[in-house]
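One file, model_19.txt, is given below (compact mmCIF, C-alpha atoms).
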# COMPACT_ATOMS: atom_id res chain seq x y z
CA MET A 1 0.00 0.00 0.00
CA GLU A 2 2.82 2.38 0.85
CA LEU A 3 4.60 1.72 -2.43
CA ARG A 4 1.39 2.54 -4.29
CA THR A 5 1.11 5.78 -2.30
CA TYR A 6 4.69 6.72 -3.06
CA TRP A 7 4.21 6.01 -6.73
CA SER A 8 1.06 8.12 -6.86
CA ILE A 9 2.96 11.02 -5.28
CA ILE A 10 5.80 10.66 -7.81
CA TRP A 11 3.38 10.50 -10.71
CA ARG A 12 1.45 13.52 -9.43
CA ARG A 13 4.66 15.55 -9.05
CA ILE A 14 6.46 14.15 -12.08
CA TRP A 15 6.75 17.64 -13.57
CA VAL A 16 8.93 18.74 -10.64
CA ILE A 17 11.24 15.75 -11.03
CA ALA A 18 11.45 16.25 -14.79
CA LEU A 19 12.21 19.96 -14.38
CA VAL A 20 15.05 19.50 -11.87
CA PHE A 21 16.55 16.49 -13.62
CA GLY A 22 16.22 18.19 -17.02
CA LEU A 23 18.11 21.28 -15.87
CA VAL A 24 20.92 19.15 -14.46
CA ALA A 25 20.98 17.00 -17.62
CA ILE A 26 21.25 20.10 -19.83
CA TYR A 27 24.22 21.36 -17.81
CA VAL A 28 25.93 17.95 -17.89
CA GLY A 29 25.34 17.55 -21.62
CA TYR A 30 26.69 21.03 -22.35
CA SER A 31 29.81 20.43 -20.26
CA TYR A 32 30.42 16.99 -21.79
CA TYR A 33 30.07 18.43 -25.28
CA HIS A 34 32.83 20.94 -24.55
CA LEU A 35 35.03 18.20 -23.12
CA ARG A 36 34.61 16.20 -26.31
CA LYS A 37 35.64 19.23 -28.35
CA THR A 38 38.74 19.93 -26.23
CA GLN A 39 41.82 18.03 -27.34
CA GLY A 40 43.37 15.94 -24.60
CA ALA A 41 40.49 16.43 -22.17
CA LEU A 42 39.08 12.90 -22.34
CA LYS A 43 41.88 11.07 -24.16
CA SER A 44 45.60 11.75 -24.41
CA TYR A 45 48.64 9.99 -25.84
CA SER A 46 51.97 9.10 -24.25
CA SER A 47 55.32 8.54 -25.92
CA ALA A 48 58.68 7.97 -24.22
CA ILE A 49 62.35 8.13 -25.13
CA THR A 50 65.41 6.97 -23.17
CA VAL A 51 68.76 8.73 -23.18
CA GLN A 52 72.04 7.84 -21.48
CA ILE A 53 74.02 10.59 -19.77
CA GLU A 54 77.75 10.38 -20.55
CA LEU A 55 80.91 12.37 -19.85
CA LEU A 56 83.14 13.57 -22.64
CA PRO A 57 86.81 12.53 -22.39
CA SER A 58 87.79 16.04 -21.23
CA ALA A 59 85.66 15.58 -18.11
CA MET A 60 87.21 12.22 -17.22
CA VAL A 61 90.82 13.32 -16.81
CA ASN A 62 92.46 11.93 -13.67
CA SER A 63 89.18 10.37 -12.53
CA SER A 64 88.25 6.80 -11.79
CA ASN A 65 85.47 4.88 -13.47
CA ALA A 66 83.53 4.86 -10.19
CA ASP A 67 83.77 8.65 -10.05
CA ASN A 68 82.47 8.92 -13.60
CA VAL A 69 79.54 6.65 -12.82
CA SER A 70 78.74 8.70 -9.73
CA VAL A 71 78.86 11.96 -11.66
CA THR A 72 76.70 10.72 -14.55
CA SER A 73 74.15 9.38 -12.05
CA THR A 74 74.11 12.77 -10.32
CA LEU A 75 73.65 14.52 -13.65
CA ALA A 76 70.85 12.13 -14.59
CA ASP A 77 69.18 12.92 -11.27
CA SER A 78 69.54 16.65 -11.96
CA LEU A 79 67.87 16.20 -15.33
CA THR A 80 65.08 14.11 -13.82
CA THR A 81 64.23 16.20 -10.77
CA GLY A 82 65.54 19.63 -11.76
CA PRO A 83 63.94 22.42 -13.78
CA ILE A 84 65.77 21.71 -17.03
CA LEU A 85 62.96 19.94 -18.88
CA GLN A 86 60.52 22.70 -17.91
CA SER A 87 62.90 25.56 -18.69
CA HIS A 88 62.00 27.98 -21.46
CA GLU A 89 65.33 27.49 -23.23
CA PHE A 90 65.09 23.69 -23.39
CA ASP A 91 61.47 23.71 -24.52
CA GLN A 92 62.19 26.38 -27.13
CA ASP A 93 64.94 24.14 -28.52
CA VAL A 94 62.40 21.30 -28.70
CA ILE A 95 60.00 23.52 -30.68
CA GLN A 96 62.76 24.45 -33.14
CA GLN A 97 63.70 20.79 -33.50
CA ILE A 98 60.11 19.81 -34.30
CA SER A 99 60.12 22.42 -37.07
CA GLN A 100 63.22 20.77 -38.50
CA ASP A 101 61.70 17.27 -38.27
CA THR A 102 58.81 18.04 -40.66
CA SER A 103 59.85 15.49 -43.27
CA GLU A 104 60.29 12.74 -40.67
CA ILE A 105 56.89 13.50 -39.11
CA THR A 106 55.25 13.56 -42.54
CA GLN A 107 56.79 10.21 -43.40
CA LYS A 108 55.39 8.64 -40.24
CA TYR A 109 52.00 10.38 -39.88
CA GLY A 110 51.21 11.94 -43.25
CA ALA A 111 51.31 15.44 -44.66
CA ASN A 112 48.52 16.84 -42.45
CA ALA A 113 49.52 15.30 -39.13
CA ASP A 114 47.81 16.90 -36.16
CA LEU A 115 50.55 17.86 -33.68
CA GLY A 116 48.31 19.83 -31.37
CA ASN A 117 49.20 23.22 -29.93
CA TRP A 118 53.01 23.02 -30.00
CA GLN A 119 54.08 26.11 -31.94
CA ASN A 120 55.21 29.01 -29.76
CA ASN A 121 54.08 27.08 -26.66
CA PRO A 122 57.18 26.24 -24.60
CA SER A 123 55.27 26.14 -21.31
CA GLY A 124 52.81 23.63 -22.74
CA ILE A 125 55.61 21.35 -23.87
CA GLY A 126 57.43 21.70 -20.55
CA GLY A 127 54.29 20.78 -18.66
CA ALA A 128 53.90 17.64 -20.80
CA LEU A 129 57.35 16.26 -19.91
CA THR A 130 58.11 13.95 -17.00
CA ALA A 131 61.26 11.93 -16.38
CA THR A 132 62.49 8.93 -14.41
CA ARG A 133 65.99 7.52 -14.17
CA VAL A 134 67.87 4.31 -13.48
CA ASN A 135 71.52 5.13 -12.80
CA ASN A 136 72.51 7.31 -15.77
CA LEU A 137 69.62 6.22 -17.99
CA VAL A 138 66.84 8.81 -18.15
CA THR A 139 63.43 8.00 -19.60
CA ILE A 140 61.49 11.11 -20.64
CA SER A 141 57.75 10.69 -21.16
CA VAL A 142 55.46 13.01 -23.10
CA ASN A 143 51.71 13.23 -22.46
CA TRP A 144 50.08 15.11 -25.33
CA SER A 145 46.66 15.69 -26.79
CA THR A 146 47.43 14.07 -30.18
CA SER A 147 49.24 10.91 -31.18
CA ALA A 148 51.49 12.55 -33.75
CA GLY A 149 52.30 15.41 -31.39
CA ALA A 150 53.35 13.07 -28.58
CA TRP A 151 55.75 11.20 -30.85
CA ALA A 152 57.12 14.38 -32.46
CA ILE A 153 57.86 15.98 -29.08
CA ALA A 154 59.48 12.83 -27.67
CA ASN A 155 61.62 12.45 -30.78
CA ALA A 156 62.65 16.13 -30.63
CA VAL A 157 63.51 15.83 -26.93
CA GLY A 158 65.89 12.99 -27.76
CA GLU A 159 67.55 14.98 -30.54
CA VAL A 160 67.92 18.10 -28.40
CA SER A 161 69.31 16.01 -25.54
CA SER A 162 71.91 14.33 -27.76
CA THR A 163 73.12 17.61 -29.30
CA LYS A 164 72.60 20.32 -26.68
CA LEU A 165 72.29 18.72 -23.26
CA GLY A 166 75.81 19.86 -22.43
CA ASN A 167 74.49 23.44 -22.46
CA PHE A 168 72.18 22.57 -19.55
CA LEU A 169 74.28 20.01 -17.59
CA ASN A 170 77.98 20.60 -16.89
CA VAL A 171 80.80 19.12 -14.81
CA SER A 172 83.99 20.57 -13.44
CA VAL A 173 87.03 18.65 -12.18
CA SER A 174 88.12 19.42 -8.64
CA SER A 175 91.72 19.79 -7.54
CA SER A 176 91.69 16.18 -6.34
CA GLY A 177 90.83 15.00 -9.80
CA THR A 178 87.26 14.03 -8.89
CA PRO A 179 84.54 15.28 -11.25
CA THR A 180 81.80 17.30 -9.55
CA ALA A 181 78.45 17.89 -11.21
CA SER A 182 76.55 21.14 -11.52
CA THR A 183 73.53 22.37 -13.44
CA SER A 184 73.15 25.53 -15.45
CA SER A 185 71.19 26.99 -12.52
CA GLY A 186 73.84 26.09 -9.91
CA THR A 187 76.75 28.03 -8.54
CA THR A 188 79.41 26.27 -10.63
CA VAL A 189 79.39 27.16 -14.31
CA VAL A 190 81.88 25.91 -16.90
CA ALA A 191 82.18 27.42 -20.33
CA GLN A 192 82.97 24.20 -22.16
CA PRO A 193 80.22 21.56 -21.94
CA ASN A 194 81.65 18.25 -20.76
CA VAL A 195 78.41 16.28 -20.80
CA SER A 196 76.66 14.48 -23.64
CA ALA A 197 73.60 12.31 -24.01
CA ARG A 198 73.03 9.35 -26.28
CA VAL A 199 69.62 8.07 -27.32
CA VAL A 200 69.43 4.40 -26.39
CA SER A 201 65.73 3.90 -27.03
CA ALA A 202 63.95 5.85 -29.76
CA ALA A 203 60.60 7.54 -29.23
CA SER A 204 57.98 4.87 -28.69
CA ASP A 205 54.71 4.63 -30.58
CA PRO A 206 52.14 6.67 -28.64
CA ALA A 207 49.86 4.79 -26.27
CA THR A 208 46.38 5.99 -25.40
CA ILE A 209 45.95 7.22 -21.83
CA ALA A 210 43.24 9.00 -19.87
CA GLY A 211 42.99 12.72 -20.54
CA SER A 212 43.45 15.48 -18.00
CA SER A 213 39.67 15.87 -17.50
CA SER A 214 38.58 12.24 -17.87
CA SER A 215 37.69 12.10 -14.15
CA LYS A 216 34.94 14.65 -14.81
CA ILE A 217 32.86 11.91 -16.47
CA THR A 218 32.33 10.33 -13.06
CA LEU A 219 31.44 13.74 -11.65
CA TYR A 220 28.85 14.31 -14.36
CA LEU A 221 27.24 10.91 -13.72
CA ALA A 222 27.11 11.75 -10.02
CA LEU A 223 25.46 15.07 -10.85
CA LEU A 224 22.73 13.23 -12.78
CA VAL A 225 22.06 10.97 -9.80
CA VAL A 226 22.01 13.98 -7.46
CA GLY A 227 19.63 15.79 -9.83
CA LEU A 228 17.24 12.85 -9.80
CA ALA A 229 17.42 12.56 -6.00
CA LEU A 230 16.88 16.30 -5.61
CA GLY A 231 13.83 16.16 -7.87
CA LEU A 232 12.34 13.30 -5.86
CA ALA A 233 13.04 15.09 -2.58
CA LEU A 234 11.42 18.27 -3.86
CA ALA A 235 8.39 16.34 -5.09
CA PHE A 236 7.83 14.75 -1.67
CA LEU A 237 8.40 18.10 0.03
CA LEU A 238 5.70 19.73 -2.09
CA GLU A 239 3.40 16.83 -1.34
CA TYR A 240 4.06 17.22 2.39
CA LEU A 241 3.24 20.94 2.25
CA ASP A 242 0.09 20.35 0.18
CA ASP A 243 -2.87 19.95 2.62
CA ARG A 244 -5.52 19.26 -0.01
CA ILE A 245 -7.51 16.03 0.19
CA ARG A 246 -7.30 14.06 -3.03
CA SER A 247 -8.76 10.60 -2.36
CA ARG A 248 -11.25 8.72 -0.18
CA GLU A 249 -8.34 6.89 1.46
CA GLN A 250 -7.02 10.21 2.76
CA VAL A 251 -10.45 11.04 4.23
CA GLU A 252 -10.67 7.67 5.99
CA ASN A 253 -7.15 8.05 7.38
CA LEU A 254 -7.72 11.61 8.58
CA LEU A 255 -11.17 11.08 10.15
CA GLY A 256 -10.90 7.44 11.15
CA LEU A 257 -14.44 6.88 9.79
CA PRO A 258 -15.72 4.78 6.91
CA ILE A 259 -17.01 6.39 3.73
CA LEU A 260 -20.74 5.80 3.37
CA GLY A 261 -21.23 7.50 0.02
CA GLU A 262 -19.64 9.69 -2.60
CA LEU A 263 -20.87 12.54 -4.76
CA PRO A 264 -19.65 12.36 -8.35
CA ARG A 265 -17.72 15.28 -9.76
CA ALA A 266 -20.02 17.82 -11.41
CA PRO A 267 -19.73 17.76 -15.23
CA GLN A 268 -18.18 20.77 -16.93
CA PRO A 269 -20.53 23.08 -18.86
CA GLY A 270 -21.16 21.83 -22.36
CA ARG A 271 -20.42 18.20 -21.54
CA LYS A 272 -22.80 15.37 -20.71

Any chance you could give the structure as structure tokens?
Amino acid sequence: MELRTYWSIIWRRIWVIALVFGLVAIYVGYSYYHLRKTQGALKSYSSAITVQIELLPSAMVNSSNADNVSVTSTLADSLTTGPILQSHEFDQDVIQQISQDTSEITQKYGANADLGNWQNNPSGIGGALTATRVNNLVTISVNWSTSAGAWAIANAVGEVSSTKLGNFLNVSVSSSGTPTASTSSGTTVVAQPNVSARVVSAASDPATIAGSSSSKITLYLALLVVGLALGLALAFLLEYLDDRIRSREQVENLLGLPILGELPRAPQPGRK
């Protein structure tokens, strides 16, 4: 009996539920549409390249192999955890390298490959780069909005690292003959770069990953559920505030007396 009562209330106030749920659904649909139109919001691509940090012969004078390994590991750690990959100079070099790799990108992805927003966007490229290391091996990953763009950036990072990394990482040899590492932002600066990098694993084919706003899908589904619950709650609230008598069952419950007879509803004018 109670379920029938609840259903009658829902059906009587269905317009309230539809109104609240409809407004929430319109907002969710509008937001989801914009997410679908935004590159990288729901789906991104990841490509990675691995480089090995090495010392040039001039940096290994009067030093042991253990010292060289220690220094290259320290340099790899500086590249991984330091600000180099996010620096304007490094990212600008990556942009210039992508411009020079047009033929290679065209050969792999076609003449009209979508690289995303990479031109004149060093901060965007820097924010897409992350790195991990094992000893002196550094793996740099790129998360980008397009497949071709992820590969092009990773490939350019490898080329810039192999040709210009010495401009960002340097070593100097102490009086004891032990190499000491420093970055371009540190206190020790050497004019002649003594560090190089060698690509040991080329840029990988991009893999599909979740986009930066993919978690919003769950939020939108939760909003739909909340909208439905809010509509139901509002419908029952309106029913609670409505003191009109609508059925004979309500009369019996309110008065505690049986119904002996009923008067039919008067017909509207013009109808039989």

Worksheet, complete the sentence: In Å and to one decimal, CA of Asp114 in chain A is distant from CA of Asp93 in chain A by 20.1 Å

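For the residues A:Leu224, A:Val134, A:Ala233, A:Leu79, ranking by smallest atom-to-atom distance to Phe21 in chain A using only C-alpha atoms places A:Leu224 first.
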
Response to the item:
A straight line from CA of Glu2 in chain A to CA of Glu249 in chain A spans 12.1 Å

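For the pair CA of Thr74 in chain A and CA of Ser47 in chain A, the separation is 24.8 Å.
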
Worksheet item: A:Asn194, A:Pro269, A:Asn135, A:Ser99: which is nearest Ser70 in chain A, counting all atoms listed in the file?
Response: A:Asn135

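Distance check against Glu159 in chain A using all atoms listed in the file: of A:Val51, A:Ile259, A:Leu237, A:Ala41, the minimum falls on A:Val51.
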
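Within 10 Å of Asp91 in chain A, once all atoms listed in the file are used and residues closer than 2 positions along the same chain are dropped, the contacting residues are Ile84, Leu85, Gln86, Ser87, His88, Glu89, Asp93, Val94, Ile95, Gln96, Gln97, Asn120, Asn121, Pro122, Ser123, Gly124, Ile125, Gly126, Gly127, Leu129, Ile153, Ala156, Val157 and Val160 of chain A.
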
Worksheet item: Restricting the calculation to all atoms listed in the file, which member of A:Ser31, A:Leu3, A:Thr38, A:Val20 is positioned closest to Leu221 in chain A?
Response: A:Ser31

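Within 12 Å of Thr132 in chain A, once only C-alpha atoms are used and residues closer than 5 positions along the same chain are dropped, the contacting residues are Ala48, Ile49, Thr50, Val51, Gln52, Ser73, Ala76, Asp77, Ser78, Leu79, Thr80, Thr81, Gly82, Leu85, Leu137, Val138, Thr139, Ile140, Ser141 and Val142 of chain A.
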
Worksheet item: Counting only C-alpha atoms, which of A:Tyr240, A:Phe90, A:Trp11, A:Tyr45 gets nearest to Trp144 in chain A?
Response: A:Tyr45

Can you put N, CA and C atoms back into range 111-132 of chain A and show it as a CSV table (one decimal), in the frame of the given file?
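Output below, filename rebuild_8.csv:
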chain,number,residue,atom,x,y,z
A,111,ALA,N,51.0,14.0,-44.4
A,111,ALA,CA,51.3,15.4,-44.7
A,111,ALA,C,50.5,16.4,-43.7
A,112,ASN,N,49.3,16.0,-43.3
A,112,ASN,CA,48.5,16.8,-42.4
A,112,ASN,C,48.4,16.3,-41.0
A,113,ALA,N,49.5,15.9,-40.5
A,113,ALA,CA,49.5,15.3,-39.1
A,113,ALA,C,49.1,16.4,-38.1
A,114,ASP,N,48.3,16.0,-37.2
A,114,ASP,CA,47.8,16.9,-36.2
A,114,ASP,C,48.8,16.8,-35.0
A,115,LEU,N,49.6,17.8,-34.8
A,115,LEU,CA,50.6,17.9,-33.7
A,115,LEU,C,50.0,18.6,-32.4
A,116,GLY,N,48.8,19.1,-32.5
A,116,GLY,CA,48.3,19.8,-31.4
A,116,GLY,C,48.9,21.2,-31.3
A,117,ASN,N,48.7,21.8,-30.1
A,117,ASN,CA,49.2,23.2,-29.9
A,117,ASN,C,50.7,23.2,-29.4
A,118,TRP,N,51.6,23.1,-30.4
A,118,TRP,CA,53.0,23.0,-30.0
A,118,TRP,C,53.8,24.3,-30.4
A,119,GLN,N,53.3,25.0,-31.4
A,119,GLN,CA,54.1,26.1,-31.9
A,119,GLN,C,54.0,27.3,-30.9
A,120,ASN,N,55.1,27.9,-30.7
A,120,ASN,CA,55.2,29.0,-29.8
A,120,ASN,C,54.6,28.7,-28.4
A,121,ASN,N,54.7,27.5,-27.9
A,121,ASN,CA,54.1,27.1,-26.7
A,121,ASN,C,55.1,26.3,-25.8
A,122,PRO,N,56.2,27.0,-25.4
A,122,PRO,CA,57.2,26.2,-24.6
A,122,PRO,C,56.6,25.7,-23.3
A,123,SER,N,55.8,26.6,-22.6
A,123,SER,CA,55.3,26.1,-21.3
A,123,SER,C,54.4,24.9,-21.4
A,124,GLY,N,53.6,24.8,-22.5
A,124,GLY,CA,52.8,23.6,-22.7
A,124,GLY,C,53.6,22.4,-22.9
A,125,ILE,N,54.7,22.5,-23.7
A,125,ILE,CA,55.6,21.4,-23.9
A,125,ILE,C,56.3,21.0,-22.6
A,126,GLY,N,56.8,22.0,-21.8
A,126,GLY,CA,57.4,21.7,-20.6
A,126,GLY,C,56.5,21.0,-19.6
A,127,GLY,N,55.2,21.4,-19.6
A,127,GLY,CA,54.3,20.8,-18.7
A,127,GLY,C,53.9,19.4,-19.1
A,128,ALA,N,54.2,19.0,-20.3
A,128,ALA,CA,53.9,17.6,-20.8
A,128,ALA,C,55.0,16.7,-20.6
A,129,LEU,N,56.2,17.1,-20.1
A,129,LEU,CA,57.4,16.3,-19.9
A,129,LEU,C,57.5,15.8,-18.5
A,130,THR,N,57.7,14.5,-18.3
A,130,THR,CA,58.1,14.0,-17.0
A,130,THR,C,59.3,13.0,-17.2
A,131,ALA,N,60.1,12.8,-16.2
A,131,ALA,CA,61.3,11.9,-16.4
A,131,ALA,C,61.5,11.0,-15.2
A,132,THR,N,62.0,9.9,-15.4
A,132,THR,CA,62.5,8.9,-14.4
A,132,THR,C,63.9,8.4,-14.8
